[in-house]
$ cat data_3.txt   # compact mmCIF, C-alpha atoms
# COMPACT_ATOMS: atom_id res chain seq x y z
CA MET N 1 36.79 13.04 -45.97
CA GLU N 2 37.95 15.09 -43.00
CA ALA N 3 35.35 16.71 -40.76
CA SER N 4 34.93 20.44 -41.08
CA GLU N 5 36.19 22.70 -38.27
CA ASN N 6 32.65 24.11 -37.97
CA THR N 7 31.14 20.70 -37.30
CA ILE N 8 28.97 20.67 -34.15
CA LYS N 9 29.43 17.56 -32.03
CA LEU N 10 26.21 16.17 -30.55
CA TYR N 11 26.35 14.61 -27.10
CA TYR N 12 24.02 11.82 -26.10
CA ASN N 13 22.84 11.13 -22.55
CA THR N 14 24.84 7.90 -22.57
CA GLU N 15 28.05 9.90 -23.06
CA VAL N 16 27.61 12.37 -20.20
CA GLU N 17 27.44 12.14 -16.43
CA LYS N 18 24.37 10.42 -15.00
CA LEU N 19 21.98 12.85 -13.33
CA GLN N 20 21.47 12.48 -9.59
CA MET N 21 17.98 14.00 -9.86
CA PRO N 22 16.82 13.48 -13.47
CA GLU N 23 13.45 15.16 -12.85
CA TYR N 24 15.21 18.56 -12.81
CA GLY N 25 17.18 18.09 -16.00
CA ARG N 26 20.78 18.76 -16.95
CA ASN N 27 20.40 22.54 -17.05
CA VAL N 28 19.76 22.65 -13.31
CA LEU N 29 22.91 20.58 -12.81
CA LYS N 30 24.86 23.20 -14.75
CA MET N 31 23.31 25.96 -12.62
CA VAL N 32 24.39 24.18 -9.45
CA GLU N 33 27.92 23.70 -10.75
CA GLN N 34 28.14 27.41 -11.53
CA LEU N 35 26.64 28.15 -8.12
CA LYS N 36 29.43 26.26 -6.37
CA ASN N 37 32.02 28.40 -8.18
CA ILE N 38 30.68 31.71 -6.84
CA PRO N 39 33.35 32.88 -4.34
CA ASP N 40 31.16 35.14 -2.20
CA LYS N 41 28.97 33.15 0.20
CA ALA N 42 26.24 35.80 0.43
CA LYS N 43 25.97 35.96 -3.37
CA ARG N 44 26.12 32.18 -3.55
CA THR N 45 23.25 31.88 -1.08
CA GLU N 46 21.20 34.43 -3.03
CA GLN N 47 21.66 32.46 -6.23
CA ALA N 48 20.83 29.21 -4.41
CA TYR N 49 17.38 30.61 -3.59
CA ALA N 50 16.92 31.43 -7.29
CA VAL N 51 17.93 27.90 -8.34
CA VAL N 52 15.44 26.41 -5.84
CA LYS N 53 12.70 28.54 -7.43
CA VAL N 54 13.61 27.13 -10.85
CA MET N 55 13.54 23.60 -9.42
CA GLU N 56 10.08 24.23 -7.96
CA SER N 57 8.73 25.31 -11.36
CA LEU N 58 10.26 22.27 -13.07
CA ASN N 59 8.91 19.82 -10.50
CA PRO N 60 5.46 21.08 -9.41
CA GLN N 61 4.55 17.61 -8.11
CA VAL N 62 6.77 18.33 -5.12
CA HIS N 63 3.93 20.46 -3.70
CA GLN N 64 2.05 17.25 -2.96
CA GLN N 65 4.71 16.24 -0.45
CA GLU N 66 4.79 17.31 3.15
CA ASN N 67 7.39 20.05 3.87
CA PHE N 68 7.97 20.45 0.13
CA ALA N 69 10.17 23.53 0.59
CA GLN N 70 12.64 21.53 2.65
CA LYS N 71 12.47 18.74 0.07
CA LEU N 72 13.58 21.19 -2.62
CA TRP N 73 16.60 22.29 -0.60
CA ASP N 74 17.44 18.65 0.11
CA HIS N 75 17.33 18.01 -3.64
CA LEU N 76 19.61 21.00 -4.26
CA PHE N 77 22.25 19.57 -1.91
CA MET N 78 21.87 16.13 -3.51
CA ILE N 79 22.45 17.57 -6.99
CA ALA N 80 25.52 19.40 -5.64
CA GLY N 81 26.87 16.14 -4.24
CA TYR N 82 26.39 17.52 -0.69
CA ASP N 83 29.28 19.89 -1.39
CA LEU N 84 27.56 23.26 -1.23
CA ASP N 85 28.33 25.98 1.31
CA VAL N 86 25.27 28.26 1.56
CA ASP N 87 23.05 29.62 4.34
CA ALA N 88 20.05 27.39 3.68
CA PRO N 89 16.78 27.79 5.63
CA TYR N 90 16.93 24.09 6.56
CA PRO N 91 19.66 21.81 7.93
CA LYS N 92 21.95 20.29 5.34
CA PRO N 93 20.89 16.66 4.68
CA LEU N 94 23.33 13.88 5.42
CA PRO N 95 24.10 11.48 2.53
CA GLU N 96 24.02 8.44 4.82
CA VAL N 97 20.46 9.36 5.89
CA ILE N 98 19.17 10.19 2.40
CA GLY N 99 20.67 7.05 0.88
CA SER N 100 19.57 4.67 3.61
CA ARG N 101 16.88 2.11 2.86
CA PRO N 102 13.78 1.81 5.05
CA ASP N 103 13.48 -1.17 7.35
CA PRO N 104 11.78 -4.06 5.56
CA ILE N 105 8.19 -4.73 6.54
CA PRO N 106 7.96 -8.11 8.25
CA LEU N 107 5.75 -10.50 6.33
CA ASN N 108 3.59 -13.20 7.80
CA THR N 109 5.01 -16.32 6.20
CA LYS N 110 2.90 -18.70 8.25
CA PRO N 111 0.85 -20.79 5.79
CA ILE N 112 -2.92 -20.27 5.76
CA ARG N 113 -4.61 -23.45 6.97
CA ALA N 114 -7.86 -22.76 5.07
CA ARG N 115 -7.47 -20.34 2.18
CA HIS N 116 -11.18 -20.04 1.47
CA TYR N 117 -11.65 -18.56 4.95
CA GLY N 118 -8.61 -16.29 4.87
CA ARG N 119 -5.83 -15.63 7.37
CA ASN N 120 -7.89 -13.37 9.66
CA ILE N 121 -10.15 -16.26 10.71
CA GLU N 122 -7.34 -17.79 12.74
CA SER N 123 -6.72 -14.46 14.52
CA ILE N 124 -10.42 -14.16 15.34
CA LEU N 125 -10.46 -17.69 16.70
CA ASP N 126 -7.52 -16.81 18.94
CA LEU N 127 -9.53 -13.92 20.39
CA ILE N 128 -12.66 -16.02 20.89
CA SER N 129 -10.68 -18.77 22.62
CA LYS N 130 -9.65 -16.27 25.31
CA GLU N 131 -13.24 -15.15 25.95
CA PRO N 132 -14.90 -16.69 29.03
CA ASP N 133 -17.81 -19.04 28.40
CA GLY N 134 -21.19 -17.36 28.29
CA GLU N 135 -23.74 -15.64 26.07
CA MET N 136 -21.18 -13.21 24.65
CA LYS N 137 -18.82 -15.99 23.55
CA THR N 138 -21.72 -17.99 22.06
CA ALA N 139 -22.85 -14.93 20.09
CA MET N 140 -19.29 -14.40 18.81
CA ILE N 141 -19.02 -18.03 17.70
CA ARG N 142 -22.38 -17.84 15.93
CA SER N 143 -21.45 -14.60 14.10
CA LEU N 144 -18.13 -16.11 13.04
CA ALA N 145 -19.86 -19.27 11.80
CA ILE N 146 -22.24 -17.20 9.65
CA TYR N 147 -19.31 -15.33 8.12
CA MET N 148 -17.38 -18.56 7.49
CA ARG N 149 -20.41 -20.08 5.80
CA GLN N 150 -20.54 -17.07 3.46
CA GLN N 151 -16.84 -17.44 2.59
CA TYR N 152 -17.28 -21.19 2.09
CA LEU N 153 -20.14 -20.66 -0.37
CA ILE N 154 -18.18 -18.05 -2.34
CA TRP N 155 -15.21 -20.30 -3.00
CA ASN N 156 -16.53 -23.87 -2.85
CA LYS N 157 -20.04 -25.09 -3.53
CA ASP N 158 -23.72 -24.12 -3.51
CA THR N 159 -24.62 -25.55 -0.12
CA VAL N 160 -22.82 -26.43 3.09
CA ALA N 161 -24.09 -28.04 6.29
CA ASP N 162 -23.85 -26.09 9.52
CA ALA N 163 -22.06 -29.06 11.05
CA THR N 164 -19.25 -28.65 8.50
CA ILE N 165 -18.71 -25.04 9.55
CA PHE N 166 -18.76 -26.02 13.24
CA GLN N 167 -16.17 -28.73 12.60
CA ASP N 168 -13.93 -26.22 10.78
CA ILE N 169 -14.15 -23.82 13.75
CA GLU N 170 -12.99 -26.49 16.17
CA ARG N 171 -10.33 -27.79 13.75
CA LEU N 172 -8.83 -24.38 12.89
CA SER N 173 -8.77 -23.38 16.56
CA GLY N 174 -6.96 -26.56 17.48
CA GLY N 175 -9.82 -27.54 19.76
CA ARG N 176 -9.60 -24.33 21.80
CA VAL N 177 -13.05 -23.16 20.61
CA LYS N 178 -15.91 -25.57 21.15
CA VAL N 179 -19.21 -24.81 19.41
CA PRO N 180 -21.99 -24.93 22.05
CA GLN N 181 -24.70 -27.55 21.70
CA GLY N 182 -27.94 -26.34 20.15
CA ILE N 183 -26.46 -23.37 18.29
CA GLU N 184 -28.22 -22.73 14.96
CA LEU N 185 -27.41 -20.48 12.05
CA SER N 186 -30.03 -18.35 10.35
CA LYS N 187 -31.56 -19.82 7.22
CA LEU N 188 -30.40 -18.64 3.82
CA SER N 189 -32.93 -16.89 1.63
CA ALA N 190 -33.68 -18.71 -1.61
CA ASP N 191 -32.65 -15.69 -3.71
CA VAL N 192 -29.25 -15.27 -2.05
CA SER N 193 -26.28 -15.87 -4.35
CA PHE N 194 -22.57 -15.38 -3.90
CA SER N 195 -19.74 -14.55 -6.28
CA ARG N 196 -16.00 -14.44 -5.96
CA PRO N 197 -14.64 -10.92 -5.34
CA GLY N 198 -13.69 -9.02 -8.49
CA LEU N 199 -15.75 -10.99 -11.01
CA ASN N 200 -18.49 -8.33 -11.30
CA LEU N 201 -20.71 -10.87 -13.02
CA GLY N 202 -23.85 -8.79 -12.57
CA HIS N 203 -22.65 -5.76 -14.53
CA GLY N 204 -25.23 -4.64 -17.06
CA MET N 205 -27.70 -7.41 -16.19
CA GLY N 206 -30.12 -5.35 -14.14
CA ASN N 207 -31.21 -6.04 -10.59
CA LYS N 208 -31.88 -9.74 -11.24
CA GLY N 209 -28.32 -10.31 -12.41
CA LYS N 210 -26.56 -8.69 -9.49
CA PHE N 211 -24.58 -10.93 -7.19
CA ASN N 212 -24.82 -10.07 -3.55
CA ARG N 213 -21.42 -10.41 -1.87
CA ASN N 214 -22.79 -9.63 1.57
CA PHE N 215 -24.54 -12.29 3.53
CA ARG N 216 -28.24 -11.74 4.03
CA GLY N 217 -29.71 -14.27 6.39
CA LYS N 218 -33.40 -14.61 7.08
CA LYS N 219 -35.00 -16.72 9.74
CA GLY N 220 -37.33 -19.39 8.44
CA LYS N 221 -41.03 -19.03 8.85
CA LYS N 222 -42.52 -20.65 11.87

$ encode --input "data_3.txt" --output "C-alpha cells"
Amino acid sequence: MEASENTIKLYYNTEVEKLQMPEYGRNVLKMVEQLKNIPDKAKRTEQAYAVVKVMESLNPQVHQQENFAQKLWDHLFMIAGYDLDVDAPYPKPLPEVIGSRPDPIPLNTKPIRARHYGRNIESILDLISKEPDGEMKTAMIRSLAIYMRQQYLIWNKDTVADATIFQDIERLSGGRVKVPQGIELSKLSADVSFSRPGLNLGHGMGNKGKFNRNFRGKKGKK
C-alpha cells in the first residue's frame, strides 16, 4: 500500500545533525542558522542579543559560572560553527582555544613504602631530616611518632611498641632521621579505640559505641 501524500515524516535524533551544544536544543540551532542568513549586520547583531537571551533562559545553570555572559556569547559562536559576523560585546572565541585539552595533572607514581602511614609521612620525614638537631627537632620527631602510632593502630593491630614506631621512622627516612635516646610517647588511655576511616561503626550506638579517630594521649599517673 502506497503512503498517502499527507503522511508526516518523523525525524529521529539519529537521523539529523549532531548538536554542538545539546543543552540548548535544536530550536536554538535553527535560530542561529536563520541569524546567519540576515544580510544586515546591525539587524543580525540585534537578533543575536535576542538569541543569547533565549539561551540564558534555557540554560540557567550558566549563572553559576564566572563571567557567564561571556560564556553565553562563546556558546553562540560555537553553535554557529564560529562563522558568525556580529558586533558581540566580547571577543570572538578561537576554535583551537575552545577545543584544546587542559594540561594533564602530574601524578605521583612513586610507590608508598608503608601504606598504613600514608604518602605524606615520607614528605614530613624529609622536612625533619633538614632540621638542625635540638629541642625543636626532638619535639617534631615525637609528634610524628605519636601520629604514626595512631595510624598503625587504625590499620594493623591493637597494640604496638614504641620501639617499632621508632624503627619505622629511621627505616622510612633511610637513616636520615635518628630518634633521640630517652624519647617517650604519651601513654594511651584505656578507653581509646580506633577505627578505619569511613566505617562509621559507632552510628546509633550512643556515646559508648563511638569510635574516636583522633588520638587522645594521656600521661600515666606518677

$ atom_distance --input "data_3.txt" --atom1 "CA of Pro91 (chain N)" --atom2 "CA of Tyr49 (chain N)"
14.7 Å

$ closest_residue --input "data_3.txt" --among "N:Lys187, N:Lys137, N:Tyr82, N:Arg171" --to "Gln150 (chain N)" --atoms "all atoms listed in the file"
N:Lys187

$ closest_residue --input "data_3.txt" --among "N:Pro22, N:Gly81, N:Gly175, N:Gly134" --to "Pro93 (chain N)" --atoms "all atoms listed in the file"
N:Gly81

$ closest_residue --input "data_3.txt" --among "N:Ile169, N:Leu76, N:Ile146, N:Val62" --to "Glu33 (chain N)" --atoms "all atoms listed in the file"
N:Leu76

$ residues_around --input "data_3.txt" --residues "Ala42 (chain N)" --least-positions-apart "6" --cutoff "10 Å" --atoms "all atoms listed in the file" --output "tab-separated table (two decimals) with C-alpha atoms, keeping the file's coordinate frame"
chain	number	residue	atom	x	y	z
N	48	ALA	CA	20.83	29.21	-4.41
N	86	VAL	CA	25.27	28.26	1.56
N	87	ASP	CA	23.05	29.62	4.34

$ closest_residue --input "data_3.txt" --among "N:Asn59, N:Ser129, N:Asn37, N:Thr164" --to "Ala145 (chain N)" --atoms "all atoms listed in the file"
N:Thr164

$ atom_distance --input "data_3.txt" --atom1 "CA of Gly182 (chain N)" --atom2 "CA of Ile112 (chain N)"
29.5 Å

$ atom_distance --input "data_3.txt" --atom1 "CA of Gln61 (chain N)" --atom2 "CA of Pro95 (chain N)"
23.1 Å

$ closest_residue --input "data_3.txt" --among "N:Asp85, N:Ala114, N:Ser143, N:Gln65" --to "Ile38 (chain N)" --atoms "only C-alpha atoms"
N:Asp85

$ closest_residue --input "data_3.txt" --among "N:Glu122, N:Ala50, N:Arg142, N:Gln151" --to "Phe166 (chain N)" --atoms "all atoms listed in the file"
N:Arg142

$ residues_around --input "data_3.txt" --residues "Leu94 (chain N)" --least-positions-apart "5" --cutoff "10 Å" --atoms "all atoms listed in the file" --output "VMD selection string"
chain N and resid 74 77 to 78 82 99

$ residues_around --input "data_3.txt" --residues "Leu144 (chain N)" --least-positions-apart "3" --cutoff "10 Å" --atoms "all atoms listed in the file" --output "list in words"
Ile121, Ile124, Leu125, Ile128, Thr138, Ala139, Met140, Ile141, Tyr147, Met148, Arg149, Gln150, Ile165, Phe166 and Ile169 of chain N
